[in-house]
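Down below is the structure, laid out as structure tokens.
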Amino acid sequence: MPNLESPLATALSQLRRAIDQLNLSENDWNTLSTPRRVLEVAVPLRRDDGRVEMYKGYRVQYSTTRGPAKGGVRFHQDIDLDETVALAMLMTWKCALTNLPYGGAKGGVAVNPHTLSITENERLTRRYTSEILPLIGPERDIPAPDVGTDERNMAWMMDTYSVNAGYSVPGVVTGKPIVLGGSLGRTSATGDGVAIAVREALKIKGINPEGATVAIQGFGKVGYWAAVALENMGLKVVAVSDVKGGVTGFNKISDLHRYAQENGTLIGAPGTESITNTELLHLPVDVLVPAALADAITESSAVGIRAKIVVEGANAPTTPGGDAILNDKGVLVVPDILANSGGVIVSYFEWVQDKQNYFWSADEVKENLNSILMRSITEVAEHSAAHQVNWRESANMIGVSRVAQAHRLRGLYP
Ligand code: GLU
């Protein structure tokens, strides 16, 4: 049994609740609580100095019922099989909730990418791709960036797959560089989606976005772009953080970003004051955006949260204990599978563009992202009001019921 606060335990307990609330059967629970395909591989890496090291790699296809498996590849020293399964399960409900024609997947390598040179990172990415090669493909399973990977890794993955196929297969991964068949708007998509979710949550709470305050935990692919989009919407980003800690008192996100790029940390940016990650969570802001790793909001850290709205940019940032406290406080929590779905939505656009060899303008991507996300937000809000459940329960119920329905309609083979 996974330990109680692990991401897998959290994901399973949320699934159990959705199954019960939907009055689904034990057959449904058995089917939906089991990953379809799990692969663990050894990834050998020749370091630049000649040493050979072994890393563990994973690819989990949690579901392929509604379409090919889909989900990111994470390079992080703490990733293990249980967490990969949990994240692949979340991708399944996320794709179903947003009505993308995908199942759900996740992969990763248990490595700290910051300890690798670029050439080492390339060799590791290519060897990992080669180890999971039989599982992936544009019709089977389409990887994308996640924590610790970016468009450069996707270019190497696309190349490794294509070299083996004997021709270019851009649709095997999403989140690629534009010149290799990537989509305009993919880099900022998750953050843009988070900002749309914040905008809609503020409307529901009757708070004017102009001057509303927000604190963002995480200043990576999600947190940074969310900060930019929220600033453009007129909100005041009062604090951001990275693994080393956070800062307040800055003026513009672009200045802070430049400082972080040059110095590898936010700490010490001119005119700012340092705060800890826990202090950031407890600031008296309108909106809190956890956009780093899992388990940021726990039973102990939730007690001090003063935000009226929490928008989950990260995957699984809130434990069940933390969630219960936020609920008791009346905080509106926009759950991860809704709030951070902008990334996979624009990944879907990228895959469609690659299939058609026809590429969209940035405006088309933006408009379509907004309309798919708005449809999902409206569905979650209406379902939540109609069934007297919170947004997380509502989102899980919609996603899980779509996968259960697809299972029923396809039937059980043989
Ligand atoms: N890694 C992102 C997520 O967790 C994006 C996945 C994708 O684009 O396939 O949603």
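Lettering and numbering for the structure tokens are positional, with chains as A, B, ... in the shown order, residues counted from 1 in each chain, and ligands counted from 1 in the shown order.
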Neighbour list for Pro44 in chain A as an mmCIF file with all heavy atoms, in the first residue's frame, cut-off 7 Å, only C-alpha atoms, skip fewer than 2 positions in-chain:
data_model
loop_
_atom_site.group_PDB
_atom_site.id
_atom_site.type_symbol
_atom_site.label_atom_id
_atom_site.label_comp_id
_atom_site.auth_asym_id
_atom_site.auth_seq_id
_atom_site.Cartn_x
_atom_site.Cartn_y
_atom_site.Cartn_z
ATOM 1 N N ALA A 42 16.384 0.573 -17.478
ATOM 2 C CA ALA A 42 17.660 1.091 -17.004
ATOM 3 C C ALA A 42 18.206 1.999 -18.099
ATOM 4 O O ALA A 42 18.172 1.646 -19.277
ATOM 5 C CB ALA A 42 18.623 -0.057 -16.739
ATOM 6 N N ARG A 46 26.949 7.558 -20.286
ATOM 7 C CA ARG A 46 28.400 7.793 -20.242
ATOM 8 C C ARG A 46 28.620 9.268 -19.935
ATOM 9 O O ARG A 46 28.248 10.135 -20.720
ATOM 10 C CB ARG A 46 29.081 7.406 -21.558
ATOM 11 C CG ARG A 46 30.600 7.621 -21.498
ATOM 12 C CD ARG A 46 31.359 7.162 -22.728
ATOM 13 N NE ARG A 46 31.232 5.725 -22.936
ATOM 14 C CZ ARG A 46 30.509 5.161 -23.898
ATOM 15 N NH1 ARG A 46 29.851 5.914 -24.745
ATOM 16 N NH2 ARG A 46 30.446 3.854 -24.021
ATOM 17 N N VAL A 52 30.540 5.505 -16.337
ATOM 18 C CA VAL A 52 29.208 5.080 -16.786
ATOM 19 C C VAL A 52 28.296 4.981 -15.564
ATOM 20 O O VAL A 52 28.645 4.332 -14.568
ATOM 21 C CB VAL A 52 29.274 3.728 -17.526
ATOM 22 C CG1 VAL A 52 27.867 3.217 -17.834
ATOM 23 C CG2 VAL A 52 30.087 3.870 -18.815
ATOM 24 N N GLU A 53 27.162 5.649 -15.623
ATOM 25 C CA GLU A 53 26.200 5.605 -14.516
ATOM 26 C C GLU A 53 24.886 5.047 -15.017
ATOM 27 O O GLU A 53 24.552 5.177 -16.191
ATOM 28 C CB GLU A 53 25.984 7.019 -13.957
ATOM 29 C CG GLU A 53 27.191 7.569 -13.246
ATOM 30 C CD GLU A 53 27.029 9.039 -12.839
ATOM 31 O OE1 GLU A 53 26.053 9.673 -13.282
ATOM 32 O OE2 GLU A 53 27.901 9.522 -12.114
ATOM 33 N N MET A 54 24.125 4.434 -14.084
ATOM 34 C CA MET A 54 22.822 3.878 -14.453
ATOM 35 C C MET A 54 21.716 4.694 -13.792
ATOM 36 O O MET A 54 21.788 5.006 -12.608
ATOM 37 C CB MET A 54 22.700 2.426 -13.963
ATOM 38 C CG MET A 54 23.767 1.497 -14.501
ATOM 39 S SD MET A 54 23.797 1.380 -16.293
ATOM 40 C CE MET A 54 22.286 0.469 -16.579
ATOM 41 N N TYR A 55 20.724 5.021 -14.544
ATOM 42 C CA TYR A 55 19.551 5.720 -14.005
ATOM 43 C C TYR A 55 18.305 4.897 -14.274
ATOM 44 O O TYR A 55 18.257 4.139 -15.251
ATOM 45 C CB TYR A 55 19.413 7.103 -14.644
ATOM 46 C CG TYR A 55 20.528 8.028 -14.255
ATOM 47 C CD1 TYR A 55 21.679 8.118 -15.025
ATOM 48 C CD2 TYR A 55 20.450 8.767 -13.083
ATOM 49 C CE1 TYR A 55 22.726 8.941 -14.645
ATOM 50 C CE2 TYR A 55 21.489 9.588 -12.688
ATOM 51 C CZ TYR A 55 22.621 9.682 -13.478
ATOM 52 O OH TYR A 55 23.651 10.485 -13.092
#
Find the residues near Leu39 in chain A: any atom within 12 Å, counting only C-alpha atoms, skip ones fewer than 5 places away on the same chain, and give them as a PDB file with N, CA and C atoms, in the first residue's frame.
ATOM      1  N   LYS A  56      17.282   5.084 -13.430  1.00  0.00           N
ATOM      2  CA  LYS A  56      16.016   4.395 -13.659  1.00  0.00           C
ATOM      3  C   LYS A  56      15.107   5.275 -14.497  1.00  0.00           C
ATOM      4  N   GLY A  57      14.503   4.676 -15.516  1.00  0.00           N
ATOM      5  CA  GLY A  57      13.550   5.410 -16.350  1.00  0.00           C
ATOM      6  C   GLY A  57      12.205   4.703 -16.348  1.00  0.00           C
ATOM      7  N   TYR A  58      11.149   5.463 -16.600  1.00  0.00           N
ATOM      8  CA  TYR A  58       9.792   4.904 -16.562  1.00  0.00           C
ATOM      9  C   TYR A  58       8.958   5.441 -17.726  1.00  0.00           C
ATOM     10  N   ARG A  59       8.007   4.644 -18.173  1.00  0.00           N
ATOM     11  CA  ARG A  59       6.917   5.160 -18.999  1.00  0.00           C
ATOM     12  C   ARG A  59       5.662   4.389 -18.607  1.00  0.00           C
ATOM     13  N   VAL A  60       4.654   5.115 -18.198  1.00  0.00           N
ATOM     14  CA  VAL A  60       3.395   4.498 -17.782  1.00  0.00           C
ATOM     15  C   VAL A  60       2.287   4.970 -18.708  1.00  0.00           C
ATOM     16  N   GLN A  61       1.617   4.019 -19.348  1.00  0.00           N
ATOM     17  CA  GLN A  61       0.411   4.349 -20.125  1.00  0.00           C
ATOM     18  C   GLN A  61      -0.762   3.974 -19.247  1.00  0.00           C
ATOM     19  N   TYR A  62      -1.313   4.965 -18.576  1.00  0.00           N
ATOM     20  CA  TYR A  62      -2.381   4.652 -17.618  1.00  0.00           C
ATOM     21  C   TYR A  62      -3.649   4.216 -18.340  1.00  0.00           C
ATOM     22  N   ASP A  80       9.689   8.278  -8.992  1.00  0.00           N
ATOM     23  CA  ASP A  80       9.711   6.811  -8.921  1.00  0.00           C
ATOM     24  C   ASP A  80       8.485   6.272  -9.646  1.00  0.00           C
ATOM     25  N   LEU A  81       8.334   4.946  -9.604  1.00  0.00           N
ATOM     26  CA  LEU A  81       7.254   4.346 -10.391  1.00  0.00           C
ATOM     27  C   LEU A  81       5.878   4.765  -9.875  1.00  0.00           C
ATOM     28  N   ASP A  82       5.711   4.767  -8.540  1.00  0.00           N
ATOM     29  CA  ASP A  82       4.411   5.133  -7.972  1.00  0.00           C
ATOM     30  C   ASP A  82       3.988   6.530  -8.399  1.00  0.00           C
ATOM     31  N   THR A  84       5.003   8.187 -10.988  1.00  0.00           N
ATOM     32  CA  THR A  84       4.745   8.208 -12.439  1.00  0.00           C
ATOM     33  C   THR A  84       3.346   7.667 -12.734  1.00  0.00           C
ATOM     34  N   VAL A  85       2.967   6.610 -12.017  1.00  0.00           N
ATOM     35  CA  VAL A  85       1.609   6.058 -12.188  1.00  0.00           C
ATOM     36  C   VAL A  85       0.573   7.121 -11.800  1.00  0.00           C
ATOM     37  N   ALA A 105      -0.752   9.325 -19.921  1.00  0.00           N
ATOM     38  CA  ALA A 105       0.551   8.692 -19.708  1.00  0.00           C
ATOM     39  C   ALA A 105       1.475   9.626 -18.938  1.00  0.00           C
ATOM     40  N   LYS A 106       2.571   9.108 -18.481  1.00  0.00           N
ATOM     41  CA  LYS A 106       3.649   9.928 -17.922  1.00  0.00           C
ATOM     42  C   LYS A 106       4.924   9.108 -17.956  1.00  0.00           C
ATOM     43  N   GLY A 107       6.053   9.791 -18.047  1.00  0.00           N
ATOM     44  CA  GLY A 107       7.319   9.083 -18.023  1.00  0.00           C
ATOM     45  C   GLY A 107       8.336   9.916 -17.289  1.00  0.00           C
ATOM     46  N   GLY A 108       9.518   9.344 -17.142  1.00  0.00           N
ATOM     47  CA  GLY A 108      10.547  10.139 -16.499  1.00  0.00           C
ATOM     48  C   GLY A 108      11.811   9.352 -16.256  1.00  0.00           C
ATOM     49  N   VAL A 109      12.826  10.088 -15.852  1.00  0.00           N
ATOM     50  CA  VAL A 109      14.090   9.495 -15.447  1.00  0.00           C
ATOM     51  C   VAL A 109      14.436  10.081 -14.083  1.00  0.00           C
ATOM     52  N   TYR A 128      17.108   7.062 -23.164  1.00  0.00           N
ATOM     53  CA  TYR A 128      15.774   6.850 -22.575  1.00  0.00           C
ATOM     54  C   TYR A 128      14.738   6.648 -23.684  1.00  0.00           C
ATOM     55  N   GLU A 131      15.021   3.288 -25.171  1.00  0.00           N
ATOM     56  CA  GLU A 131      14.515   2.221 -24.294  1.00  0.00           C
ATOM     57  C   GLU A 131      12.987   2.129 -24.318  1.00  0.00           C
ATOM     58  N   ILE A 132      12.302   3.274 -24.490  1.00  0.00           N
ATOM     59  CA  ILE A 132      10.825   3.237 -24.470  1.00  0.00           C
ATOM     60  C   ILE A 132      10.247   3.234 -25.892  1.00  0.00           C
ATOM     61  N   LEU A 133      11.147   3.109 -26.877  1.00  0.00           N
ATOM     62  CA  LEU A 133      10.747   3.224 -28.295  1.00  0.00           C
ATOM     63  C   LEU A 133       9.569   2.337 -28.704  1.00  0.00           C
ATOM     64  N   PRO A 134       9.519   1.064 -28.249  1.00  0.00           N
ATOM     65  CA  PRO A 134       8.407   0.223 -28.717  1.00  0.00           C
ATOM     66  C   PRO A 134       7.035   0.715 -28.256  1.00  0.00           C
ATOM     67  N   LEU A 135       7.040   1.545 -27.208  1.00  0.00           N
ATOM     68  CA  LEU A 135       5.753   1.978 -26.643  1.00  0.00           C
ATOM     69  C   LEU A 135       5.221   3.262 -27.267  1.00  0.00           C
ATOM     70  N   ILE A 136       6.135   4.104 -27.784  1.00  0.00           N
ATOM     71  CA  ILE A 136       5.678   5.438 -28.204  1.00  0.00           C
ATOM     72  C   ILE A 136       5.440   5.514 -29.710  1.00  0.00           C
TER      73      ILE A 136
END
Which chain A residues have any atom within 6 Å of an atom of ligand 1, and for each, what is the nearest pair of atoms with distance in Å to one decimal, counting only C-alpha atoms and all ligand atoms, rows sorted by chain and number, as a Markdown table?
| residue | atom | partner | partner_atom_place_in_ligand_line | distance |
| --- | --- | --- | --- | --- |
| A:Lys70 | CA | ligand 1 | 9 (O) | 5.0 |
| A:Gly71 | CA | ligand 1 | 9 (O) | 3.6 |
| A:Gly72 | CA | ligand 1 | 1 (N) | 4.0 |
| A:Pro143 | CA | ligand 1 | 9 (O) | 5.8 |
| A:Ala144 | CA | ligand 1 | 9 (O) | 4.7 |
| A:Pro145 | CA | ligand 1 | 1 (N) | 5.4 |
| A:Asp146 | CA | ligand 1 | 1 (N) | 4.0 |
| A:Ser341 | CA | ligand 1 | 10 (O) | 5.7 |
| A:Gly343 | CA | ligand 1 | 5 (C) | 4.8 |
| A:Val344 | CA | ligand 1 | 8 (O) | 3.5 |
| A:Ser347 | CA | ligand 1 | 8 (O) | 4.7 |
Might you pull out every residue within 12 Å of Ala212 in chain A, with only C-alpha atoms counted and same-chain residues fewer than 2 positions away left off, and present them as a list in words?
Val198, Arg199, Ala201, Leu202, Lys203, Lys205, Gly206, Ile207, Asn208, Pro209, Glu210, Val214, Ala215, Leu230, Glu231, Met233, Gly234, Leu235, Lys236, Val237, Val238, Pro284, Val285, Asp286, Val287, Leu288, Ala307, Lys308 and Ile309 of chain A
Which is closer to Val346 in chain A than all the others in A:Gly191, A:Pro113, A:Gly271, A:Gly220, using only C-alpha atoms?
A:Gly191
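For the atom pair formed by CA of Arg37 in chain A and CA of Trp93 in chain A, the distance is 16.6 Å, given to one decimal.
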